[in-house]
Structure formats: C-alpha cells, structure tokens
Amino acid sequence: MPSVQSNGITIAYDDEGSGAPLVLLHGHPFDRSMWRPQTTHFSAAGMRVIAPDLRGYGGSSAVPGKTPLATFARDLAALLDRLGIERFVLGGLSMGGQIVMECYRQFPERIRALLLADTFAATDSDEGRALRLRTAERLLTEGMAGYAHEALPKMIAPAHVTALPEVAAHVLGMMKNASPEGAAAALRGRAERPDYTGLLPRITVPTLVVVGTEDEFTPVADARLIHEAVPGSRLTLVQGAGHMPNLERPEEFNAALAAFLDTLPSEAGDGDGRPSR
C-alpha cells in the first residue's frame, strides 16, 4: 500500500494505470476501496487513477478533533504535488463531492473536469448540524458498529442489502473498520462547512453530476439543483441505486463516467504526471 508523509500525517492511496490522471475521493465513513470498480476499469482503459484514503480513514492517519473540508483539500493538493500531478479530473461522492467543491474553490486552475456524485452543495440546517455533532459524540462513545448497521440500508438501496450481499458486506465493513476519531473529526468539520451553492455557477470546467434514484441522504432533487446551477453540466440518474451507485450499479456508473470523459478535450502535454524514464 503506497503512502506519503505530508502535512504532518500519513496519506495512503492507490495509484494505478498510466495516462491522464483521474482522482477519486471517497465518502464518509468509507475508504478508497469504495472506488475499486472504477480504479480497475479506468486504469485498464488508459487512465492513471489515484484514490486516496482521506485523513482519518483507511490507511491514512486518524487525527482527533475537527477536520474542516479545507484541510482535506490541502491534503489532496500536497499528495498530488508529491506525485507530480498538476492537472487532473477530480471526482467525489457524498462528503468526497463536497471536498471536490472545496478543491475547486482553492485551486480551480488545476482541475480539468469534475464528477459530483450523490452530494449536495448547501450548508447544513441547524438540525442537520446538530445531528452531525451528536453523531460524532456517539461514534467516540460507542464505536462504529451500531452506527454502521443502522446506516447500511440508507447507504445502499434497502433492497440491495439482501440482493447484493457482497456489496452490502463491503459497505458495512468499511464503516465498521473506520476510525471513530477520524470519522468524528470529519463530521465536526462538515458541520461547519461553507455553503457552496454560490460557487456552482462559477464552475467553468465540464461537470458530471450523478445520483442514485433511491438515494435517501442526497436525493435526486439535490443533484438537480447542482446540475441546474453548474453551466453546461450533465446529469445521470442511476436507476435503483441508493447513495453508492458506483458500487451498487458499477457498470452503469462507469459507462456514464466513460462517456463524459470521452467528451473532454485533450490538453497539450496531457499525461499522467509520472517522471519520464
């Protein structure tokens, strides 16, 4: 498992294939393995796919306290600097999608195109903010197992808990294995995140918005708001999928992303950022 030391922490990541870079950011409380169907597919299709474990998750360092989205974005920029990647396509799901928006706020000149999957741009309501903070305290007190079992039929479509047992086991395992300290820190940071709705009309790169039709956390209406606000964006609805269409319906998800990537103009010197040999 490759990793780098940056910003005072260890960042673990997958880096597969060669070609134009595609960077994928996981959601909460998952890890980079949620992107395995995409890492496998797109690295075989001629892209360099980088999927990091975010600070506090997977093989990356768990830092207690509070992790703002701006910190996740700085971690990513530092990782890509270490890997020699300047320009890239950036995608994220749920919390990962919100980090994508923060990255675009911080360094839009580095981003070639965006994938925003099952995410939403607005800040939390007072009720939503309070729930995140209560959940953070619960995770620290009780651990991840109880939360994971409760959240599973919302993370994936309820019917998929039994219909897709391997997917259900993977999603449940990621949640149960997450660090309570890292997950709680991220929840606290997200509770204070900025409202990105004003950023959306200023996005000038090609953007694909994807959402599962059965998503309870970020329903289709949230995706439509992003799609309508981002000039020229595409919207793909993945039928029958919940909050994780990339795992529940990987063929449909990959097809939508591949079709989108095929529309991107090539860039001078387009490559994977690896040093020449």
# chains A, B, ... in the order shown; residues from 1 in each chain; ligands from 1
$ residues_around --residues "range 182-190 of chain A" --least-positions-apart "2" --cutoff "8 Å" --atoms "only C-alpha atoms" --output "count of residues only"
25
$ residues_around --residues "Ser3 in chain A" --least-positions-apart "6" --cutoff "6 Å" --atoms "only C-alpha atoms" --output "PyMOL selection string"
chain A and resi 11-13
$ closest_residue --among "A:His26, A:Gly240, A:Thr40, A:Arg48" --to "His160 in chain A" --atoms "only C-alpha atoms"
A:Gly240
$ residues_around --residues "Pro206 in chain A" --least-positions-apart "3" --cutoff "12 Å" --atoms "only C-alpha atoms" --output "mmCIF file with all heavy atoms, in the first residue's frame"
data_model
loop_
_atom_site.group_PDB
_atom_site.id
_atom_site.type_symbol
_atom_site.label_atom_id
_atom_site.label_comp_id
_atom_site.auth_asym_id
_atom_site.auth_seq_id
_atom_site.Cartn_x
_atom_site.Cartn_y
_atom_site.Cartn_z
ATOM 1 N N VAL A 89 -8.629 15.268 -13.619
ATOM 2 C CA VAL A 89 -10.075 15.180 -13.439
ATOM 3 C C VAL A 89 -10.309 14.790 -11.988
ATOM 4 O O VAL A 89 -9.660 13.871 -11.469
ATOM 5 C CB VAL A 89 -10.696 14.129 -14.384
ATOM 6 C CG1 VAL A 89 -12.195 13.992 -14.117
ATOM 7 C CG2 VAL A 89 -10.432 14.497 -15.837
ATOM 8 N N LEU A 90 -11.232 15.459 -11.315
ATOM 9 C CA LEU A 90 -11.458 15.244 -9.891
ATOM 10 C C LEU A 90 -12.904 14.848 -9.647
ATOM 11 O O LEU A 90 -13.826 15.551 -10.077
ATOM 12 C CB LEU A 90 -11.133 16.516 -9.105
ATOM 13 C CG LEU A 90 -11.315 16.458 -7.591
ATOM 14 C CD1 LEU A 90 -10.433 15.383 -6.970
ATOM 15 C CD2 LEU A 90 -11.011 17.820 -6.967
ATOM 16 N N GLY A 91 -13.093 13.734 -8.959
ATOM 17 C CA GLY A 91 -14.437 13.267 -8.626
ATOM 18 C C GLY A 91 -14.564 12.899 -7.162
ATOM 19 O O GLY A 91 -13.586 12.536 -6.508
ATOM 20 N N ILE A 111 -7.795 21.831 -12.042
ATOM 21 C CA ILE A 111 -8.855 20.844 -12.268
ATOM 22 C C ILE A 111 -9.357 20.908 -13.697
ATOM 23 O O ILE A 111 -9.775 21.958 -14.178
ATOM 24 C CB ILE A 111 -9.996 21.071 -11.256
ATOM 25 C CG1 ILE A 111 -9.463 20.854 -9.830
ATOM 26 C CG2 ILE A 111 -11.151 20.121 -11.547
ATOM 27 C CD1 ILE A 111 -10.434 21.236 -8.735
ATOM 28 N N ARG A 112 -9.321 19.774 -14.349
ATOM 29 C CA ARG A 112 -9.693 19.674 -15.761
ATOM 30 C C ARG A 112 -11.185 19.442 -15.940
ATOM 31 O O ARG A 112 -11.802 19.913 -16.904
ATOM 32 C CB ARG A 112 -8.894 18.528 -16.367
ATOM 33 C CG ARG A 112 -9.081 18.316 -17.835
ATOM 34 C CD ARG A 112 -8.233 17.138 -18.282
ATOM 35 N NE ARG A 112 -8.485 16.806 -19.676
ATOM 36 C CZ ARG A 112 -8.157 15.662 -20.223
ATOM 37 N NH1 ARG A 112 -7.545 14.734 -19.507
ATOM 38 N NH2 ARG A 112 -8.411 15.436 -21.491
ATOM 39 N N ALA A 113 -11.791 18.676 -15.042
ATOM 40 C CA ALA A 113 -13.222 18.374 -15.096
ATOM 41 C C ALA A 113 -13.628 17.849 -13.727
ATOM 42 O O ALA A 113 -12.775 17.432 -12.926
ATOM 43 C CB ALA A 113 -13.539 17.347 -16.184
ATOM 44 N N LEU A 114 -14.950 17.850 -13.468
ATOM 45 C CA LEU A 114 -15.475 17.444 -12.167
ATOM 46 C C LEU A 114 -16.505 16.326 -12.295
ATOM 47 O O LEU A 114 -17.323 16.316 -13.228
ATOM 48 C CB LEU A 114 -16.158 18.629 -11.480
ATOM 49 C CG LEU A 114 -15.318 19.847 -11.106
ATOM 50 C CD1 LEU A 114 -16.211 20.928 -10.514
ATOM 51 C CD2 LEU A 114 -14.217 19.467 -10.124
ATOM 52 N N LEU A 115 -16.478 15.422 -11.323
ATOM 53 C CA LEU A 115 -17.532 14.442 -11.094
ATOM 54 C C LEU A 115 -18.084 14.686 -9.705
ATOM 55 O O LEU A 115 -17.342 14.624 -8.717
ATOM 56 C CB LEU A 115 -16.975 13.013 -11.199
ATOM 57 C CG LEU A 115 -17.842 11.904 -10.586
ATOM 58 C CD1 LEU A 115 -19.130 11.713 -11.378
ATOM 59 C CD2 LEU A 115 -17.050 10.594 -10.498
ATOM 60 N N LEU A 116 -19.379 14.983 -9.610
ATOM 61 C CA LEU A 116 -20.051 15.212 -8.330
ATOM 62 C C LEU A 116 -21.129 14.148 -8.179
ATOM 63 O O LEU A 116 -22.168 14.200 -8.839
ATOM 64 C CB LEU A 116 -20.652 16.617 -8.287
ATOM 65 C CG LEU A 116 -19.637 17.765 -8.364
ATOM 66 C CD1 LEU A 116 -20.356 19.096 -8.555
ATOM 67 C CD2 LEU A 116 -18.763 17.801 -7.112
ATOM 68 N N LEU A 200 -21.219 27.183 -7.479
ATOM 69 C CA LEU A 200 -21.625 26.349 -8.612
ATOM 70 C C LEU A 200 -21.742 27.118 -9.927
ATOM 71 O O LEU A 200 -21.244 26.648 -10.956
ATOM 72 C CB LEU A 200 -22.946 25.645 -8.288
ATOM 73 C CG LEU A 200 -22.930 24.706 -7.081
ATOM 74 C CD1 LEU A 200 -24.316 24.100 -6.868
ATOM 75 C CD2 LEU A 200 -21.881 23.608 -7.233
ATOM 76 N N ARG A 202 -20.094 29.475 -10.950
ATOM 77 C CA ARG A 202 -18.771 29.948 -11.368
ATOM 78 C C ARG A 202 -17.876 28.809 -11.852
ATOM 79 O O ARG A 202 -16.742 29.054 -12.259
ATOM 80 C CB ARG A 202 -18.092 30.690 -10.216
ATOM 81 C CG ARG A 202 -18.891 31.881 -9.692
ATOM 82 C CD ARG A 202 -18.021 32.825 -8.900
ATOM 83 N NE ARG A 202 -17.366 32.197 -7.760
ATOM 84 C CZ ARG A 202 -17.915 32.105 -6.537
ATOM 85 N NH1 ARG A 202 -19.133 32.587 -6.322
ATOM 86 N NH2 ARG A 202 -17.250 31.540 -5.554
ATOM 87 N N ILE A 203 -18.391 27.572 -11.814
ATOM 88 C CA ILE A 203 -17.604 26.443 -12.303
ATOM 89 C C ILE A 203 -17.547 26.509 -13.827
ATOM 90 O O ILE A 203 -18.579 26.562 -14.497
ATOM 91 C CB ILE A 203 -18.211 25.110 -11.829
ATOM 92 C CG1 ILE A 203 -18.067 24.987 -10.306
ATOM 93 C CG2 ILE A 203 -17.554 23.926 -12.530
ATOM 94 C CD1 ILE A 203 -18.730 23.763 -9.710
ATOM 95 N N VAL A 209 -22.775 15.266 -13.014
ATOM 96 C CA VAL A 209 -23.497 15.061 -11.752
ATOM 97 C C VAL A 209 -24.187 13.701 -11.834
ATOM 98 O O VAL A 209 -24.899 13.428 -12.801
ATOM 99 C CB VAL A 209 -24.532 16.182 -11.517
ATOM 100 C CG1 VAL A 209 -25.229 15.989 -10.177
ATOM 101 C CG2 VAL A 209 -23.866 17.554 -11.593
ATOM 102 N N HIS A 227 -26.957 20.339 -10.868
ATOM 103 C CA HIS A 227 -26.952 20.298 -12.334
ATOM 104 C C HIS A 227 -27.466 21.609 -12.935
ATOM 105 O O HIS A 227 -26.893 22.142 -13.894
ATOM 106 C CB HIS A 227 -27.810 19.122 -12.789
ATOM 107 C CG HIS A 227 -28.180 19.145 -14.237
ATOM 108 N ND1 HIS A 227 -27.237 19.187 -15.248
ATOM 109 C CD2 HIS A 227 -29.391 19.132 -14.856
ATOM 110 C CE1 HIS A 227 -27.864 19.197 -16.409
ATOM 111 N NE2 HIS A 227 -29.153 19.172 -16.209
ATOM 112 N N VAL A 230 -24.696 24.491 -12.292
ATOM 113 C CA VAL A 230 -23.379 24.430 -12.939
ATOM 114 C C VAL A 230 -23.566 24.547 -14.451
ATOM 115 O O VAL A 230 -24.201 23.689 -15.071
ATOM 116 C CB VAL A 230 -22.651 23.117 -12.598
ATOM 117 C CG1 VAL A 230 -21.311 23.061 -13.340
ATOM 118 C CG2 VAL A 230 -22.437 23.002 -11.095
ATOM 119 N N PRO A 231 -23.037 25.579 -15.074
ATOM 120 C CA PRO A 231 -23.264 25.781 -16.508
ATOM 121 C C PRO A 231 -22.792 24.589 -17.346
ATOM 122 O O PRO A 231 -21.665 24.114 -17.184
ATOM 123 C CB PRO A 231 -22.430 27.032 -16.815
ATOM 124 C CG PRO A 231 -22.313 27.745 -15.503
ATOM 125 C CD PRO A 231 -22.244 26.671 -14.477
ATOM 126 N N GLY A 232 -23.677 24.101 -18.202
ATOM 127 C CA GLY A 232 -23.316 23.055 -19.137
ATOM 128 C C GLY A 232 -23.104 21.682 -18.549
ATOM 129 O O GLY A 232 -22.602 20.789 -19.246
ATOM 130 N N SER A 233 -23.469 21.475 -17.297
ATOM 131 C CA SER A 233 -23.213 20.184 -16.660
ATOM 132 C C SER A 233 -24.139 19.100 -17.204
ATOM 133 O O SER A 233 -25.192 19.379 -17.773
ATOM 134 C CB SER A 233 -23.387 20.288 -15.147
ATOM 135 O OG SER A 233 -24.727 20.617 -14.811
ATOM 136 N N ARG A 234 -23.713 17.843 -17.011
ATOM 137 C CA ARG A 234 -24.517 16.674 -17.355
ATOM 138 C C ARG A 234 -25.088 16.080 -16.083
ATOM 139 O O ARG A 234 -24.457 16.118 -15.024
ATOM 140 C CB ARG A 234 -23.653 15.601 -18.023
ATOM 141 C CG ARG A 234 -23.124 15.928 -19.393
ATOM 142 C CD ARG A 234 -22.437 14.693 -19.954
ATOM 143 N NE ARG A 234 -22.023 14.859 -21.335
ATOM 144 C CZ ARG A 234 -21.752 13.850 -22.147
ATOM 145 N NH1 ARG A 234 -21.849 12.593 -21.713
ATOM 146 N NH2 ARG A 234 -21.374 14.075 -23.390
ATOM 147 N N LEU A 235 -26.269 15.477 -16.185
ATOM 148 C CA LEU A 235 -26.894 14.792 -15.054
ATOM 149 C C LEU A 235 -27.207 13.360 -15.465
ATOM 150 O O LEU A 235 -27.834 13.122 -16.497
ATOM 151 C CB LEU A 235 -28.183 15.498 -14.630
ATOM 152 C CG LEU A 235 -29.002 14.807 -13.535
ATOM 153 C CD1 LEU A 235 -28.220 14.740 -12.223
ATOM 154 C CD2 LEU A 235 -30.339 15.528 -13.323
ATOM 155 N N LEU A 257 -19.570 7.709 -16.610
ATOM 156 C CA LEU A 257 -18.323 8.440 -16.428
ATOM 157 C C LEU A 257 -17.445 8.335 -17.680
ATOM 158 O O LEU A 257 -16.835 9.322 -18.105
ATOM 159 C CB LEU A 257 -17.583 7.914 -15.196
ATOM 160 C CG LEU A 257 -16.250 8.578 -14.865
ATOM 161 C CD1 LEU A 257 -16.383 10.095 -14.762
ATOM 162 C CD2 LEU A 257 -15.683 8.002 -13.566
ATOM 163 N N PHE A 260 -18.688 10.623 -20.365
ATOM 164 C CA PHE A 260 -18.334 12.001 -20.020
ATOM 165 C C PHE A 260 -16.860 12.272 -20.300
ATOM 166 O O PHE A 260 -16.503 13.288 -20.923
ATOM 167 C CB PHE A 260 -18.653 12.243 -18.547
ATOM 168 C CG PHE A 260 -18.142 13.539 -17.991
ATOM 169 C CD1 PHE A 260 -18.679 14.749 -18.377
ATOM 170 C CD2 PHE A 260 -17.099 13.546 -17.056
ATOM 171 C CE1 PHE A 260 -18.204 15.956 -17.864
ATOM 172 C CE2 PHE A 260 -16.613 14.736 -16.537
ATOM 173 C CZ PHE A 260 -17.168 15.938 -16.945
ATOM 174 N N LEU A 261 -15.991 11.375 -19.869
ATOM 175 C CA LEU A 261 -14.560 11.576 -20.066
ATOM 176 C C LEU A 261 -14.211 11.632 -21.554
ATOM 177 O O LEU A 261 -13.296 12.359 -21.956
ATOM 178 C CB LEU A 261 -13.773 10.462 -19.376
ATOM 179 C CG LEU A 261 -13.852 10.450 -17.845
ATOM 180 C CD1 LEU A 261 -13.206 9.173 -17.293
ATOM 181 C CD2 LEU A 261 -13.213 11.680 -17.236
ATOM 182 N N ASP A 262 -14.953 10.885 -22.357
ATOM 183 C CA ASP A 262 -14.691 10.871 -23.799
ATOM 184 C C ASP A 262 -14.963 12.227 -24.446
ATOM 185 O O ASP A 262 -14.474 12.497 -25.554
ATOM 186 C CB ASP A 262 -15.542 9.803 -24.488
ATOM 187 C CG ASP A 262 -15.002 8.401 -24.269
ATOM 188 O OD1 ASP A 262 -13.839 8.266 -23.835
ATOM 189 O OD2 ASP A 262 -15.753 7.443 -24.513
ATOM 190 N N THR A 263 -15.762 13.070 -23.796
ATOM 191 C CA THR A 263 -16.082 14.383 -24.363
ATOM 192 C C THR A 263 -15.038 15.443 -24.029
ATOM 193 O O THR A 263 -15.086 16.544 -24.585
ATOM 194 C CB THR A 263 -17.446 14.888 -23.847
ATOM 195 O OG1 THR A 263 -17.341 15.196 -22.444
ATOM 196 C CG2 THR A 263 -18.537 13.857 -24.080
ATOM 197 N N LEU A 264 -14.100 15.129 -23.129
ATOM 198 C CA LEU A 264 -13.152 16.150 -22.691
ATOM 199 C C LEU A 264 -12.117 16.418 -23.773
ATOM 200 O O LEU A 264 -11.583 15.482 -24.370
ATOM 201 C CB LEU A 264 -12.444 15.702 -21.402
ATOM 202 C CG LEU A 264 -13.339 15.414 -20.204
ATOM 203 C CD1 LEU A 264 -12.484 15.055 -18.987
ATOM 204 C CD2 LEU A 264 -14.243 16.594 -19.882
ATOM 205 N N PRO A 265 -11.829 17.662 -24.014
ATOM 206 C CA PRO A 265 -10.784 17.974 -24.989
ATOM 207 C C PRO A 265 -9.428 17.548 -24.458
ATOM 208 O O PRO A 265 -9.157 17.621 -23.255
ATOM 209 C CB PRO A 265 -10.874 19.496 -25.137
ATOM 210 C CG PRO A 265 -11.479 19.966 -23.848
ATOM 211 C CD PRO A 265 -12.414 18.875 -23.405
#
$ select_by_dssp --residues "range 12-150 of chain A" --states "alpha helix (DSSP H)" --output "PyMOL selection string"
chain A and resi 36-44+69-82+95-106+126-142+145-150
$ residues_around --residues "Asp31 in chain A" --least-positions-apart "4" --cutoff "9 Å" --atoms "only C-alpha atoms" --output "list in words"
Leu25, His26, Gly27, Trp35, Ala51, Pro52, Asp53, Leu54, Tyr57, Gly58, Gly59, Met174, Met175 and Ala178 of chain A
$ closest_residue --among "A:Gln5, A:Ala255, A:Leu152, A:Ser94" --to "Ala78 in chain A" --atoms "only C-alpha atoms"
A:Gln5
$ closest_residue --among "A:Met95, A:Val211, A:Leu79, A:Ala168" --to "Glu252 in chain A" --atoms "only C-alpha atoms"
A:Val211
$ select_by_dssp --residues "range 33-181 of chain A" --states "strand (DSSP E or B)" --output "ChimeraX atom specification"
/A:47-52,88-93,111-117
$ closest_residue --among "A:Ala163, A:Met47, A:Met144, A:Leu208" --to "Glu181 in chain A" --atoms "only C-alpha atoms"
A:Met144
$ residues_around --residues "Met155 in chain A" --least-positions-apart "3" --cutoff "7 Å" --atoms "only C-alpha atoms" --output "PyMOL selection string"
chain A and resi 151-152+242-244
$ decode --residues "range 155-187 of chain A" --atoms "N, CA, C and O atoms" --output "tab-separated table (two decimals), in the first residue's frame"
chain	number	residue	atom	x	y	z
A	155	MET	N	-27.20	3.75	3.10
A	155	MET	CA	-26.01	3.91	2.25
A	155	MET	C	-26.21	3.24	0.90
A	155	MET	O	-25.75	3.74	-0.13
A	156	ILE	N	-26.86	2.08	0.90
A	156	ILE	CA	-27.25	1.43	-0.34
A	156	ILE	C	-28.76	1.26	-0.30
A	156	ILE	O	-29.37	1.31	0.77
A	157	ALA	N	-29.37	1.06	-1.46
A	157	ALA	CA	-30.82	0.88	-1.51
A	157	ALA	C	-31.21	-0.29	-0.61
A	157	ALA	O	-30.52	-1.33	-0.61
A	158	PRO	N	-32.28	-0.17	0.18
A	158	PRO	CA	-32.64	-1.24	1.11
A	158	PRO	C	-32.71	-2.62	0.46
A	158	PRO	O	-32.27	-3.61	1.05
A	159	ALA	N	-33.24	-2.69	-0.75
A	159	ALA	CA	-33.35	-3.98	-1.42
A	159	ALA	C	-31.98	-4.59	-1.70
A	159	ALA	O	-31.85	-5.82	-1.78
A	160	HIS	N	-30.96	-3.76	-1.81
A	160	HIS	CA	-29.63	-4.26	-2.14
A	160	HIS	C	-28.91	-4.89	-0.95
A	160	HIS	O	-27.90	-5.58	-1.13
A	161	VAL	N	-29.42	-4.64	0.26
A	161	VAL	CA	-28.80	-5.26	1.43
A	161	VAL	C	-28.83	-6.78	1.30
A	161	VAL	O	-27.88	-7.48	1.66
A	162	THR	N	-29.93	-7.31	0.75
A	162	THR	CA	-30.03	-8.75	0.53
A	162	THR	C	-29.74	-9.15	-0.91
A	162	THR	O	-29.16	-10.20	-1.17
A	163	ALA	N	-30.10	-8.28	-1.87
A	163	ALA	CA	-29.92	-8.63	-3.28
A	163	ALA	C	-28.46	-8.57	-3.71
A	163	ALA	O	-28.04	-9.29	-4.64
A	164	LEU	N	-27.66	-7.74	-3.06
A	164	LEU	CA	-26.24	-7.58	-3.40
A	164	LEU	C	-25.41	-7.82	-2.13
A	164	LEU	O	-24.82	-6.89	-1.57
A	165	PRO	N	-25.34	-9.07	-1.66
A	165	PRO	CA	-24.70	-9.33	-0.37
A	165	PRO	C	-23.22	-8.96	-0.33
A	165	PRO	O	-22.72	-8.52	0.72
A	166	GLU	N	-22.50	-9.12	-1.45
A	166	GLU	CA	-21.08	-8.77	-1.44
A	166	GLU	C	-20.89	-7.27	-1.31
A	166	GLU	O	-19.99	-6.80	-0.60
A	167	VAL	N	-21.74	-6.50	-2.00
A	167	VAL	CA	-21.68	-5.05	-1.89
A	167	VAL	C	-22.04	-4.62	-0.46
A	167	VAL	O	-21.36	-3.78	0.14
A	168	ALA	N	-23.10	-5.21	0.08
A	168	ALA	CA	-23.52	-4.87	1.44
A	168	ALA	C	-22.41	-5.17	2.44
A	168	ALA	O	-22.14	-4.36	3.35
A	169	ALA	N	-21.76	-6.31	2.29
A	169	ALA	CA	-20.68	-6.68	3.21
A	169	ALA	C	-19.50	-5.71	3.09
A	169	ALA	O	-18.87	-5.34	4.09
A	170	HIS	N	-19.20	-5.30	1.86
A	170	HIS	CA	-18.11	-4.35	1.64
A	170	HIS	C	-18.42	-3.00	2.31
A	170	HIS	O	-17.59	-2.44	3.04
A	171	VAL	N	-19.62	-2.49	2.07
A	171	VAL	CA	-20.00	-1.19	2.63
A	171	VAL	C	-20.03	-1.26	4.16
A	171	VAL	O	-19.50	-0.38	4.86
A	172	LEU	N	-20.60	-2.33	4.69
A	172	LEU	CA	-20.66	-2.48	6.15
A	172	LEU	C	-19.25	-2.58	6.73
A	172	LEU	O	-18.95	-1.97	7.76
A	173	GLY	N	-18.39	-3.34	6.07
A	173	GLY	CA	-17.03	-3.49	6.57
A	173	GLY	C	-16.26	-2.19	6.58
A	173	GLY	O	-15.52	-1.90	7.54
A	174	MET	N	-16.40	-1.38	5.53
A	174	MET	CA	-15.73	-0.09	5.52
A	174	MET	C	-16.18	0.77	6.70
A	174	MET	O	-15.36	1.41	7.36
A	175	MET	N	-17.49	0.79	6.95
A	175	MET	CA	-18.00	1.62	8.03
A	175	MET	C	-17.53	1.11	9.39
A	175	MET	O	-17.11	1.88	10.25
A	176	LYS	N	-17.60	-0.21	9.60
A	176	LYS	CA	-17.21	-0.77	10.90
A	176	LYS	C	-15.71	-0.60	11.17
A	176	LYS	O	-15.29	-0.46	12.32
A	177	ASN	N	-14.91	-0.61	10.10
A	177	ASN	CA	-13.46	-0.51	10.27
A	177	ASN	C	-12.96	0.92	10.32
A	177	ASN	O	-11.76	1.14	10.55
A	178	ALA	N	-13.84	1.88	10.11
A	178	ALA	CA	-13.41	3.28	10.15
A	178	ALA	C	-13.00	3.67	11.57
A	178	ALA	O	-13.52	3.16	12.56
A	179	SER	N	-12.05	4.58	11.65
A	179	SER	CA	-11.61	5.10	12.94
A	179	SER	C	-12.69	6.01	13.53
A	179	SER	O	-13.09	6.99	12.88
A	180	PRO	N	-13.18	5.73	14.74
A	180	PRO	CA	-14.16	6.65	15.34
A	180	PRO	C	-13.63	8.07	15.46
A	180	PRO	O	-14.37	9.03	15.25
A	181	GLU	N	-12.33	8.20	15.81
A	181	GLU	CA	-11.75	9.54	15.96
A	181	GLU	C	-11.71	10.28	14.63
A	181	GLU	O	-12.04	11.47	14.55
A	182	GLY	N	-11.32	9.57	13.58
A	182	GLY	CA	-11.26	10.21	12.26
A	182	GLY	C	-12.63	10.57	11.74
A	182	GLY	O	-12.84	11.66	11.19
A	183	ALA	N	-13.59	9.64	11.91
A	183	ALA	CA	-14.95	9.91	11.43
A	183	ALA	C	-15.59	11.05	12.20
A	183	ALA	O	-16.28	11.90	11.62
A	184	ALA	N	-15.38	11.09	13.51
A	184	ALA	CA	-15.95	12.17	14.33
A	184	ALA	C	-15.34	13.51	13.94
A	184	ALA	O	-16.05	14.53	13.86
A	185	ALA	N	-14.03	13.54	13.69
A	185	ALA	CA	-13.38	14.79	13.29
A	185	ALA	C	-13.95	15.31	11.98
A	185	ALA	O	-14.17	16.52	11.80
A	186	ALA	N	-14.21	14.39	11.04
A	186	ALA	CA	-14.78	14.80	9.76
A	186	ALA	C	-16.20	15.31	9.93
A	186	ALA	O	-16.60	16.30	9.30
A	187	LEU	N	-16.99	14.65	10.75
A	187	LEU	CA	-18.35	15.11	11.00
A	187	LEU	C	-18.36	16.52	11.59
A	187	LEU	O	-19.17	17.37	11.19
